[in-house]
Amino acid sequence: MRTGVAAAASAAFFVVPLFIVGVVPWLLTGWDSPYDWSSPGLLPLRAVGVVLIVLGAPNLIRAFARFVTEGHGTPMPPAPCDRLVIGGPYSRVRNPMFVSALGVIFGQALLFADPALGIYGAGVWAFFAFYVYVREEPKLSRIYGEQYDVYRAAVPAWRPRLRPWRGPGDGGAAASG
């Protein structure tokens with residue numbers, strides 16, 4: 001797929017994660033806390049929430065962009081990549097878009113000290129995990145074969161590696177994070 005077309009399609013598709021990490025949390029909370037903002041007991045939780053949001057949001061964008069620059073495609077199932085994307089954030093975790101989106105959702109749950117967002121995040125995680133294990137991984141294994149199997153054995157699905165994976169010469173299937 002041509003880079004310009006892939007970039008435009010990916011940008012248009014970006015409304016989906018924006019809806020998941022922005023619109024739904026806003027609808028659930030109005031981006032306001034049911035608790036007193038000045039409560040000192042909530043400050044550590046809110047600080048962790050801010051960190052999750054600050055780390056998750058740009059990484060979600062980077063993961064999306066990687067589909068265009070490395071994969072020559074989009075994250076949309078009807079317009080997949082020509083190549084397996086294993087660089088950038090994908091060298092640390094197999095599902096950086098999902099992990100980043102969950103970080104933003106759970107970050108908002110902590111920032112706003114809102115259990116409804118925590119429950120929503122757990123539901124989103126369950127959906128993502130179901131989709132990955134039932135639909136995405138079998139499809140990637142069929143398309144990319146042994147290349148994907150080696151990658152899957154070396155890079156965790158949900159817990160990022162401490163060091164990026166560099167490919168089969170970087171410990172291959174025996175590598176762990």
# chains A, B, ... in the order shown; residues from 1 in each chain; ligands from 1

call {"tool": "closest_atom_pairs", "arguments": {"of": "stretch 80-162 of chain A", "to": "stretch 66-73 of chain A", "cutoff": "12 Å", "atoms": "only C-alpha atoms", "output": "tab-separated table"}}
result
residue	atom	partner	partner_atom	distance
A:Pro80	CA	A:Gly73	CA	5.3
A:Cys81	CA	A:Gly73	CA	3.8
A:Asp82	CA	A:Gly71	CA	5.7
A:Arg83	CA	A:Gly71	CA	4.6
A:Leu84	CA	A:Gly71	CA	6.1
A:Val85	CA	A:Gly71	CA	5.3
A:Ile86	CA	A:Glu70	CA	8.3
A:Gly87	CA	A:Glu70	CA	7.5
A:Gly88	CA	A:Arg66	CA	7.2
A:Pro89	CA	A:Arg66	CA	8.4
A:Tyr90	CA	A:Arg66	CA	8.6
A:Ser91	CA	A:Arg66	CA	11.2
A:Pro96	CA	A:Arg66	CA	10.6
A:Met97	CA	A:Arg66	CA	10.5

call {"tool": "write_last_selection", "arguments": {"atoms": "all heavy atoms", "output": "compact mmCIF listing (two decimals), in the first residue's frame"}}
result
# COMPACT_ATOMS: atom_id res chain seq x y z
N PRO A 80 -4.73 -4.43 5.83
CA PRO A 80 -3.60 -4.82 6.69
C PRO A 80 -2.25 -4.43 6.10
O PRO A 80 -2.14 -4.01 4.95
CB PRO A 80 -3.74 -6.34 6.77
CG PRO A 80 -4.40 -6.71 5.49
CD PRO A 80 -5.33 -5.57 5.17
N CYS A 81 -1.24 -4.62 6.91
CA CYS A 81 0.14 -4.30 6.52
C CYS A 81 0.69 -5.34 5.55
O CYS A 81 0.32 -6.50 5.57
CB CYS A 81 1.03 -4.27 7.76
SG CYS A 81 0.63 -2.89 8.83
N ASP A 82 1.62 -4.87 4.72
CA ASP A 82 2.34 -5.76 3.81
C ASP A 82 3.41 -6.55 4.55
O ASP A 82 3.80 -7.62 4.11
CB ASP A 82 3.02 -4.96 2.69
CG ASP A 82 2.02 -4.24 1.80
OD1 ASP A 82 0.86 -4.68 1.72
OD2 ASP A 82 2.42 -3.24 1.18
N ARG A 83 3.90 -5.98 5.66
CA ARG A 83 4.97 -6.61 6.44
C ARG A 83 4.56 -6.69 7.90
O ARG A 83 3.83 -5.84 8.39
CB ARG A 83 6.24 -5.76 6.38
CG ARG A 83 6.77 -5.56 5.00
CD ARG A 83 8.00 -4.70 5.03
NE ARG A 83 8.21 -4.15 3.71
CZ ARG A 83 8.98 -3.14 3.45
NH1 ARG A 83 9.62 -2.54 4.43
NH2 ARG A 83 9.13 -2.70 2.23
N LEU A 84 5.10 -7.68 8.61
CA LEU A 84 4.89 -7.81 10.04
C LEU A 84 5.58 -6.65 10.75
O LEU A 84 6.76 -6.40 10.52
CB LEU A 84 5.44 -9.15 10.55
CG LEU A 84 5.27 -9.43 12.03
CD1 LEU A 84 3.79 -9.50 12.41
CD2 LEU A 84 5.97 -10.73 12.40
N VAL A 85 4.86 -5.94 11.60
CA VAL A 85 5.41 -4.80 12.32
C VAL A 85 5.98 -5.30 13.64
O VAL A 85 5.24 -5.79 14.49
CB VAL A 85 4.32 -3.73 12.56
CG1 VAL A 85 4.88 -2.56 13.35
CG2 VAL A 85 3.74 -3.26 11.23
N ILE A 86 7.32 -5.18 13.78
CA ILE A 86 7.99 -5.66 15.00
C ILE A 86 8.95 -4.63 15.58
O ILE A 86 9.62 -4.91 16.57
CB ILE A 86 8.74 -7.00 14.75
CG1 ILE A 86 9.80 -6.83 13.68
CG2 ILE A 86 7.76 -8.10 14.40
CD1 ILE A 86 10.70 -8.04 13.48
N GLY A 87 9.01 -3.45 15.02
CA GLY A 87 9.92 -2.41 15.49
C GLY A 87 9.23 -1.43 16.42
O GLY A 87 8.02 -1.52 16.68
N GLY A 88 9.99 -0.48 16.91
CA GLY A 88 9.44 0.56 17.79
C GLY A 88 8.77 -0.06 19.00
O GLY A 88 9.33 -0.97 19.63
N PRO A 89 7.56 0.38 19.35
CA PRO A 89 6.90 -0.16 20.53
C PRO A 89 6.58 -1.66 20.40
O PRO A 89 6.45 -2.36 21.40
CB PRO A 89 5.62 0.67 20.66
CG PRO A 89 5.43 1.32 19.35
CD PRO A 89 6.78 1.43 18.70
N TYR A 90 6.50 -2.15 19.16
CA TYR A 90 6.21 -3.57 18.94
C TYR A 90 7.41 -4.46 19.28
O TYR A 90 7.27 -5.67 19.38
CB TYR A 90 5.78 -3.81 17.48
CG TYR A 90 4.46 -3.17 17.18
CD1 TYR A 90 4.39 -1.85 16.74
CD2 TYR A 90 3.27 -3.85 17.38
CE1 TYR A 90 3.17 -1.24 16.51
CE2 TYR A 90 2.05 -3.25 17.15
CZ TYR A 90 2.01 -1.94 16.71
OH TYR A 90 0.80 -1.34 16.49
N SER A 91 8.57 -3.86 19.49
CA SER A 91 9.74 -4.65 19.89
C SER A 91 9.74 -4.92 21.40
O SER A 91 10.56 -5.68 21.89
CB SER A 91 11.03 -3.92 19.49
OG SER A 91 11.18 -2.73 20.24
N PRO A 96 1.01 -3.00 21.53
CA PRO A 96 1.22 -1.68 22.14
C PRO A 96 0.03 -0.74 22.01
O PRO A 96 -0.17 0.11 22.88
CB PRO A 96 2.45 -1.14 21.42
CG PRO A 96 2.47 -1.85 20.12
CD PRO A 96 1.91 -3.22 20.40
N MET A 97 -0.76 -0.89 20.96
CA MET A 97 -1.95 -0.03 20.84
C MET A 97 -2.92 -0.33 21.97
O MET A 97 -3.42 0.58 22.62
CB MET A 97 -2.64 -0.24 19.50
CG MET A 97 -2.05 0.55 18.38
SD MET A 97 -3.13 0.47 16.97
CE MET A 97 -2.06 -0.42 15.86

call {"tool": "residues_around", "arguments": {"residues": "stretch 137-142 of chain A", "least_positions_apart": "5", "cutoff": "12 Å", "atoms": "only C-alpha atoms", "output": "MDAnalysis selection string"}}
result
chainID A and resid 77 80:85 94:95 128:132 147:153 157

call {"tool": "write_last_selection", "arguments": {"atoms": "N, CA and C atoms", "output": "PDB file, in the first residue's frame"}}
result
ATOM      1  N   PRO A  77      -8.379  -3.935   9.962  1.00  0.00           N
ATOM      2  CA  PRO A  77      -8.391  -5.294   9.410  1.00  0.00           C
ATOM      3  C   PRO A  77      -8.614  -5.363   7.892  1.00  0.00           C
ATOM      4  N   PRO A  80      -4.729  -4.427   5.830  1.00  0.00           N
ATOM      5  CA  PRO A  80      -3.599  -4.819   6.686  1.00  0.00           C
ATOM      6  C   PRO A  80      -2.251  -4.431   6.100  1.00  0.00           C
ATOM      7  N   CYS A  81      -1.240  -4.620   6.914  1.00  0.00           N
ATOM      8  CA  CYS A  81       0.136  -4.304   6.521  1.00  0.00           C
ATOM      9  C   CYS A  81       0.688  -5.335   5.548  1.00  0.00           C
ATOM     10  N   ASP A  82       1.622  -4.865   4.718  1.00  0.00           N
ATOM     11  CA  ASP A  82       2.339  -5.761   3.814  1.00  0.00           C
ATOM     12  C   ASP A  82       3.408  -6.553   4.555  1.00  0.00           C
ATOM     13  N   ARG A  83       3.902  -5.982   5.657  1.00  0.00           N
ATOM     14  CA  ARG A  83       4.973  -6.605   6.445  1.00  0.00           C
ATOM     15  C   ARG A  83       4.559  -6.685   7.904  1.00  0.00           C
ATOM     16  N   LEU A  84       5.103  -7.679   8.607  1.00  0.00           N
ATOM     17  CA  LEU A  84       4.887  -7.808  10.043  1.00  0.00           C
ATOM     18  C   LEU A  84       5.585  -6.649  10.750  1.00  0.00           C
ATOM     19  N   VAL A  85       4.862  -5.938  11.595  1.00  0.00           N
ATOM     20  CA  VAL A  85       5.409  -4.797  12.320  1.00  0.00           C
ATOM     21  C   VAL A  85       5.981  -5.302  13.643  1.00  0.00           C
ATOM     22  N   ARG A  94       3.682  -7.058  22.129  1.00  0.00           N
ATOM     23  CA  ARG A  94       3.010  -7.379  20.861  1.00  0.00           C
ATOM     24  C   ARG A  94       1.778  -6.511  20.604  1.00  0.00           C
ATOM     25  N   ASN A  95       1.181  -5.974  21.636  1.00  0.00           N
ATOM     26  CA  ASN A  95      -0.061  -5.217  21.481  1.00  0.00           C
ATOM     27  C   ASN A  95       0.065  -3.800  22.046  1.00  0.00           C
ATOM     28  N   PHE A 128     -10.291  -6.729  24.371  1.00  0.00           N
ATOM     29  CA  PHE A 128      -9.025  -6.743  23.625  1.00  0.00           C
ATOM     30  C   PHE A 128      -8.385  -8.131  23.675  1.00  0.00           C
ATOM     31  N   ALA A 129      -8.314  -8.723  24.856  1.00  0.00           N
ATOM     32  CA  ALA A 129      -7.677 -10.037  25.003  1.00  0.00           C
ATOM     33  C   ALA A 129      -8.423 -11.087  24.187  1.00  0.00           C
ATOM     34  N   PHE A 130      -9.744 -11.063  24.249  1.00  0.00           N
ATOM     35  CA  PHE A 130     -10.542 -12.006  23.458  1.00  0.00           C
ATOM     36  C   PHE A 130     -10.244 -11.831  21.968  1.00  0.00           C
ATOM     37  N   TYR A 131     -10.261 -10.593  21.504  1.00  0.00           N
ATOM     38  CA  TYR A 131     -10.004 -10.313  20.095  1.00  0.00           C
ATOM     39  C   TYR A 131      -8.606 -10.791  19.678  1.00  0.00           C
ATOM     40  N   VAL A 132      -7.614 -10.480  20.501  1.00  0.00           N
ATOM     41  CA  VAL A 132      -6.235 -10.847  20.172  1.00  0.00           C
ATOM     42  C   VAL A 132      -6.084 -12.358  20.077  1.00  0.00           C
ATOM     43  N   GLN A 147       7.768 -16.476  10.977  1.00  0.00           N
ATOM     44  CA  GLN A 147       8.235 -15.153  11.407  1.00  0.00           C
ATOM     45  C   GLN A 147       7.396 -14.651  12.589  1.00  0.00           C
ATOM     46  N   TYR A 148       6.086 -14.811  12.510  1.00  0.00           N
ATOM     47  CA  TYR A 148       5.228 -14.369  13.604  1.00  0.00           C
ATOM     48  C   TYR A 148       5.383 -15.279  14.822  1.00  0.00           C
ATOM     49  N   ASP A 149       5.522 -16.573  14.595  1.00  0.00           N
ATOM     50  CA  ASP A 149       5.675 -17.507  15.717  1.00  0.00           C
ATOM     51  C   ASP A 149       6.933 -17.208  16.533  1.00  0.00           C
ATOM     52  N   VAL A 150       8.038 -16.862  15.860  1.00  0.00           N
ATOM     53  CA  VAL A 150       9.278 -16.501  16.562  1.00  0.00           C
ATOM     54  C   VAL A 150       9.072 -15.200  17.331  1.00  0.00           C
ATOM     55  N   TYR A 151       8.446 -14.231  16.695  1.00  0.00           N
ATOM     56  CA  TYR A 151       8.152 -12.946  17.342  1.00  0.00           C
ATOM     57  C   TYR A 151       7.257 -13.157  18.559  1.00  0.00           C
ATOM     58  N   ARG A 152       6.207 -13.936  18.383  1.00  0.00           N
ATOM     59  CA  ARG A 152       5.267 -14.181  19.488  1.00  0.00           C
ATOM     60  C   ARG A 152       5.941 -14.872  20.664  1.00  0.00           C
ATOM     61  N   ALA A 153       6.864 -15.769  20.395  1.00  0.00           N
ATOM     62  CA  ALA A 153       7.577 -16.458  21.470  1.00  0.00           C
ATOM     63  C   ALA A 153       8.537 -15.521  22.214  1.00  0.00           C
ATOM     64  N   ALA A 157       2.687 -10.428  25.114  1.00  0.00           N
ATOM     65  CA  ALA A 157       1.478  -9.803  24.583  1.00  0.00           C
ATOM     66  C   ALA A 157       1.081  -8.552  25.355  1.00  0.00           C
TER      67      ALA A 157
END

call {"tool": "closest_atom_pairs", "arguments": {"of": "stretch 29-104 of chain A", "to": "stretch 20-25 of chain A", "cutoff": "10 Å", "atoms": "only C-alpha atoms", "output": "Markdown table"}}
result
| residue | atom | partner | partner_atom | distance |
| --- | --- | --- | --- | --- |
| A:Thr29 | CA | A:Pro25 | CA | 6.1 |
| A:Gly30 | CA | A:Pro25 | CA | 7.6 |
| A:Trp31 | CA | A:Pro25 | CA | 7.3 |
| A:Ile53 | CA | A:Val21 | CA | 9.9 |
| A:Ala57 | CA | A:Val21 | CA | 9.0 |
| A:Ser100 | CA | A:Val21 | CA | 9.5 |
| A:Ala101 | CA | A:Val21 | CA | 6.1 |
| A:Leu102 | CA | A:Val21 | CA | 7.8 |
| A:Gly103 | CA | A:Val21 | CA | 9.2 |
| A:Val104 | CA | A:Val21 | CA | 6.4 |

call {"tool": "write_last_selection", "arguments": {"atoms": "N, CA, C and O atoms", "output": "compact mmCIF listing (two decimals), in the first residue's frame"}}
result
# COMPACT_ATOMS: atom_id res chain seq x y z
N THR A 29 -17.70 9.96 33.05
CA THR A 29 -17.26 10.78 34.19
C THR A 29 -17.46 12.28 34.01
O THR A 29 -17.42 13.01 35.01
N GLY A 30 -17.61 12.74 32.79
CA GLY A 30 -17.58 14.18 32.54
C GLY A 30 -16.20 14.74 32.86
O GLY A 30 -16.03 15.93 33.02
N TRP A 31 -15.21 13.83 32.97
CA TRP A 31 -13.84 14.16 33.36
C TRP A 31 -13.82 14.97 34.65
O TRP A 31 -13.14 15.98 34.78
N ILE A 53 -1.37 8.19 31.67
CA ILE A 53 -1.92 8.94 30.53
C ILE A 53 -0.80 9.53 29.69
O ILE A 53 -0.81 9.42 28.46
N ALA A 57 -0.77 7.87 25.89
CA ALA A 57 -1.30 8.61 24.73
C ALA A 57 -0.28 8.73 23.59
O ALA A 57 -0.59 8.36 22.45
N SER A 100 -1.38 0.66 25.39
CA SER A 100 -1.40 2.12 25.55
C SER A 100 -2.81 2.62 25.82
O SER A 100 -3.01 3.48 26.69
N ALA A 101 -3.79 2.11 25.08
CA ALA A 101 -5.18 2.51 25.30
C ALA A 101 -5.61 2.17 26.73
O ALA A 101 -6.25 2.98 27.41
N LEU A 102 -5.25 0.97 27.18
CA LEU A 102 -5.60 0.57 28.55
C LEU A 102 -4.90 1.47 29.57
O LEU A 102 -5.49 1.82 30.60
N GLY A 103 -3.66 1.85 29.30
CA GLY A 103 -2.95 2.77 30.19
C GLY A 103 -3.67 4.09 30.32
O GLY A 103 -3.81 4.64 31.42
N VAL A 104 -4.17 4.61 29.20
CA VAL A 104 -4.90 5.88 29.23
C VAL A 104 -6.22 5.72 30.00
O VAL A 104 -6.58 6.58 30.82

call {"tool": "atom_distance", "arguments": {"atom1": "atom CA of A:Leu18", "atom2": "atom CA of A:Arg2"}}
result
24.5 Å

call {"tool": "residues_around", "arguments": {"residues": "A:Arg161", "least_positions_apart": "2", "cutoff": "7 Å", "atoms": "only C-alpha atoms", "output": "number ranges by chain"}}
result
A: 92-93, 155-156, 159, 163-164, 177

call {"tool": "write_last_selection", "arguments": {"atoms": "C-alpha atoms", "output": "compact mmCIF listing (two decimals), in the first residue's frame"}}
result
# COMPACT_ATOMS: atom_id res chain seq x y z
CA ARG A 92 8.73 -4.47 23.56
CA VAL A 93 5.11 -5.69 23.56
CA VAL A 155 7.77 -10.61 22.80
CA PRO A 156 5.06 -10.68 25.50
CA ARG A 159 3.70 -6.90 29.69
CA ARG A 163 14.85 -4.31 26.49
CA PRO A 164 13.54 -4.12 22.93
CA GLY A 177 11.35 -9.59 28.86

call {"tool": "residues_around", "arguments": {"residues": "A:Ala11", "least_positions_apart": "3", "cutoff": "10 Å", "atoms": "only C-alpha atoms", "output": "ChimeraX atom specification"}}
result
/A:5-8,14-15,61,64-65,74

call {"tool": "write_last_selection", "arguments": {"atoms": "all heavy atoms", "output": "PDB file, in the first residue's frame"}}
result
ATOM      1  N   VAL A   5      -1.613   6.853   1.178  1.00  0.00           N
ATOM      2  CA  VAL A   5      -2.929   6.226   1.360  1.00  0.00           C
ATOM      3  C   VAL A   5      -3.008   5.567   2.735  1.00  0.00           C
ATOM      4  O   VAL A   5      -4.006   5.711   3.449  1.00  0.00           O
ATOM      5  CB  VAL A   5      -3.200   5.194   0.238  1.00  0.00           C
ATOM      6  CG1 VAL A   5      -4.473   4.406   0.507  1.00  0.00           C
ATOM      7  CG2 VAL A   5      -3.269   5.891  -1.117  1.00  0.00           C
ATOM      8  N   ALA A   6      -1.945   4.856   3.115  1.00  0.00           N
ATOM      9  CA  ALA A   6      -1.917   4.192   4.423  1.00  0.00           C
ATOM     10  C   ALA A   6      -2.004   5.222   5.551  1.00  0.00           C
ATOM     11  O   ALA A   6      -2.716   5.012   6.535  1.00  0.00           O
ATOM     12  CB  ALA A   6      -0.653   3.345   4.559  1.00  0.00           C
ATOM     13  N   ALA A   7      -1.300   6.336   5.406  1.00  0.00           N
ATOM     14  CA  ALA A   7      -1.325   7.378   6.441  1.00  0.00           C
ATOM     15  C   ALA A   7      -2.714   7.994   6.552  1.00  0.00           C
ATOM     16  O   ALA A   7      -3.226   8.194   7.668  1.00  0.00           O
ATOM     17  CB  ALA A   7      -0.284   8.449   6.136  1.00  0.00           C
ATOM     18  N   ALA A   8      -3.344   8.289   5.439  1.00  0.00           N
ATOM     19  CA  ALA A   8      -4.684   8.888   5.464  1.00  0.00           C
ATOM     20  C   ALA A   8      -5.702   7.918   6.060  1.00  0.00           C
ATOM     21  O   ALA A   8      -6.534   8.308   6.889  1.00  0.00           O
ATOM     22  CB  ALA A   8      -5.101   9.303   4.057  1.00  0.00           C
ATOM     23  N   PHE A  14      -8.129   6.406  13.317  1.00  0.00           N
ATOM     24  CA  PHE A  14      -7.728   6.790  14.674  1.00  0.00           C
ATOM     25  C   PHE A  14      -8.919   7.258  15.518  1.00  0.00           C
ATOM     26  O   PHE A  14      -8.827   7.323  16.740  1.00  0.00           O
ATOM     27  CB  PHE A  14      -6.627   7.855  14.627  1.00  0.00           C
ATOM     28  CG  PHE A  14      -5.878   8.002  15.913  1.00  0.00           C
ATOM     29  CD1 PHE A  14      -5.029   7.006  16.359  1.00  0.00           C
ATOM     30  CD2 PHE A  14      -6.032   9.128  16.696  1.00  0.00           C
ATOM     31  CE1 PHE A  14      -4.341   7.124  17.559  1.00  0.00           C
ATOM     32  CE2 PHE A  14      -5.350   9.266  17.900  1.00  0.00           C
ATOM     33  CZ  PHE A  14      -4.501   8.250  18.328  1.00  0.00           C
ATOM     34  N   VAL A  15     -10.055   7.555  14.875  1.00  0.00           N
ATOM     35  CA  VAL A  15     -11.237   7.933  15.644  1.00  0.00           C
ATOM     36  C   VAL A  15     -11.696   6.795  16.557  1.00  0.00           C
ATOM     37  O   VAL A  15     -12.295   7.048  17.609  1.00  0.00           O
ATOM     38  CB  VAL A  15     -12.415   8.403  14.754  1.00  0.00           C
ATOM     39  CG1 VAL A  15     -12.038   9.635  13.947  1.00  0.00           C
ATOM     40  CG2 VAL A  15     -12.921   7.305  13.866  1.00  0.00           C
ATOM     41  N   ILE A  61      -0.160   6.743  19.623  1.00  0.00           N
ATOM     42  CA  ILE A  61       0.073   7.403  18.332  1.00  0.00           C
ATOM     43  C   ILE A  61       1.277   6.783  17.620  1.00  0.00           C
ATOM     44  O   ILE A  61       1.220   6.503  16.419  1.00  0.00           O
ATOM     45  CB  ILE A  61       0.257   8.922  18.532  1.00  0.00           C
ATOM     46  CG1 ILE A  61      -1.051   9.529  19.066  1.00  0.00           C
ATOM     47  CG2 ILE A  61       0.695   9.601  17.244  1.00  0.00           C
ATOM     48  CD1 ILE A  61      -0.906  10.930  19.619  1.00  0.00           C
ATOM     49  N   PHE A  64       0.361   3.422  16.135  1.00  0.00           N
ATOM     50  CA  PHE A  64      -0.435   3.606  14.918  1.00  0.00           C
ATOM     51  C   PHE A  64       0.474   3.967  13.741  1.00  0.00           C
ATOM     52  O   PHE A  64       0.361   3.401  12.656  1.00  0.00           O
ATOM     53  CB  PHE A  64      -1.467   4.719  15.144  1.00  0.00           C
ATOM     54  CG  PHE A  64      -2.879   4.256  15.096  1.00  0.00           C
ATOM     55  CD1 PHE A  64      -3.426   3.578  16.166  1.00  0.00           C
ATOM     56  CD2 PHE A  64      -3.655   4.495  13.987  1.00  0.00           C
ATOM     57  CE1 PHE A  64      -4.733   3.158  16.130  1.00  0.00           C
ATOM     58  CE2 PHE A  64      -4.968   4.075  13.936  1.00  0.00           C
ATOM     59  CZ  PHE A  64      -5.517   3.400  15.018  1.00  0.00           C
ATOM     60  N   ALA A  65       1.355   4.927  13.971  1.00  0.00           N
ATOM     61  CA  ALA A  65       2.247   5.398  12.907  1.00  0.00           C
ATOM     62  C   ALA A  65       3.152   4.279  12.401  1.00  0.00           C
ATOM     63  O   ALA A  65       3.495   4.244  11.212  1.00  0.00           O
ATOM     64  CB  ALA A  65       3.076   6.573  13.400  1.00  0.00           C
ATOM     65  N   THR A  74      -2.200  -0.349   7.334  1.00  0.00           N
ATOM     66  CA  THR A  74      -2.965   0.318   8.381  1.00  0.00           C
ATOM     67  C   THR A  74      -3.281  -0.674   9.497  1.00  0.00           C
ATOM     68  O   THR A  74      -3.169  -1.882   9.304  1.00  0.00           O
ATOM     69  CB  THR A  74      -4.302   0.865   7.834  1.00  0.00           C
ATOM     70  OG1 THR A  74      -5.205  -0.232   7.649  1.00  0.00           O
ATOM     71  CG2 THR A  74      -4.123   1.620   6.532  1.00  0.00           C
TER      72      THR A  74
END

call {"tool": "select_by_dssp", "arguments": {"residues": "stretch 58-136 of chain A", "states": "alpha helix (DSSP H)", "output": "ChimeraX atom specification"}}
result
/A:58-69,96-111,115-131

call {"tool": "atom_distance", "arguments": {"atom1": "atom CA of A:Val48", "atom2": "atom CA of A:Ala63"}}
result
22.1 Å
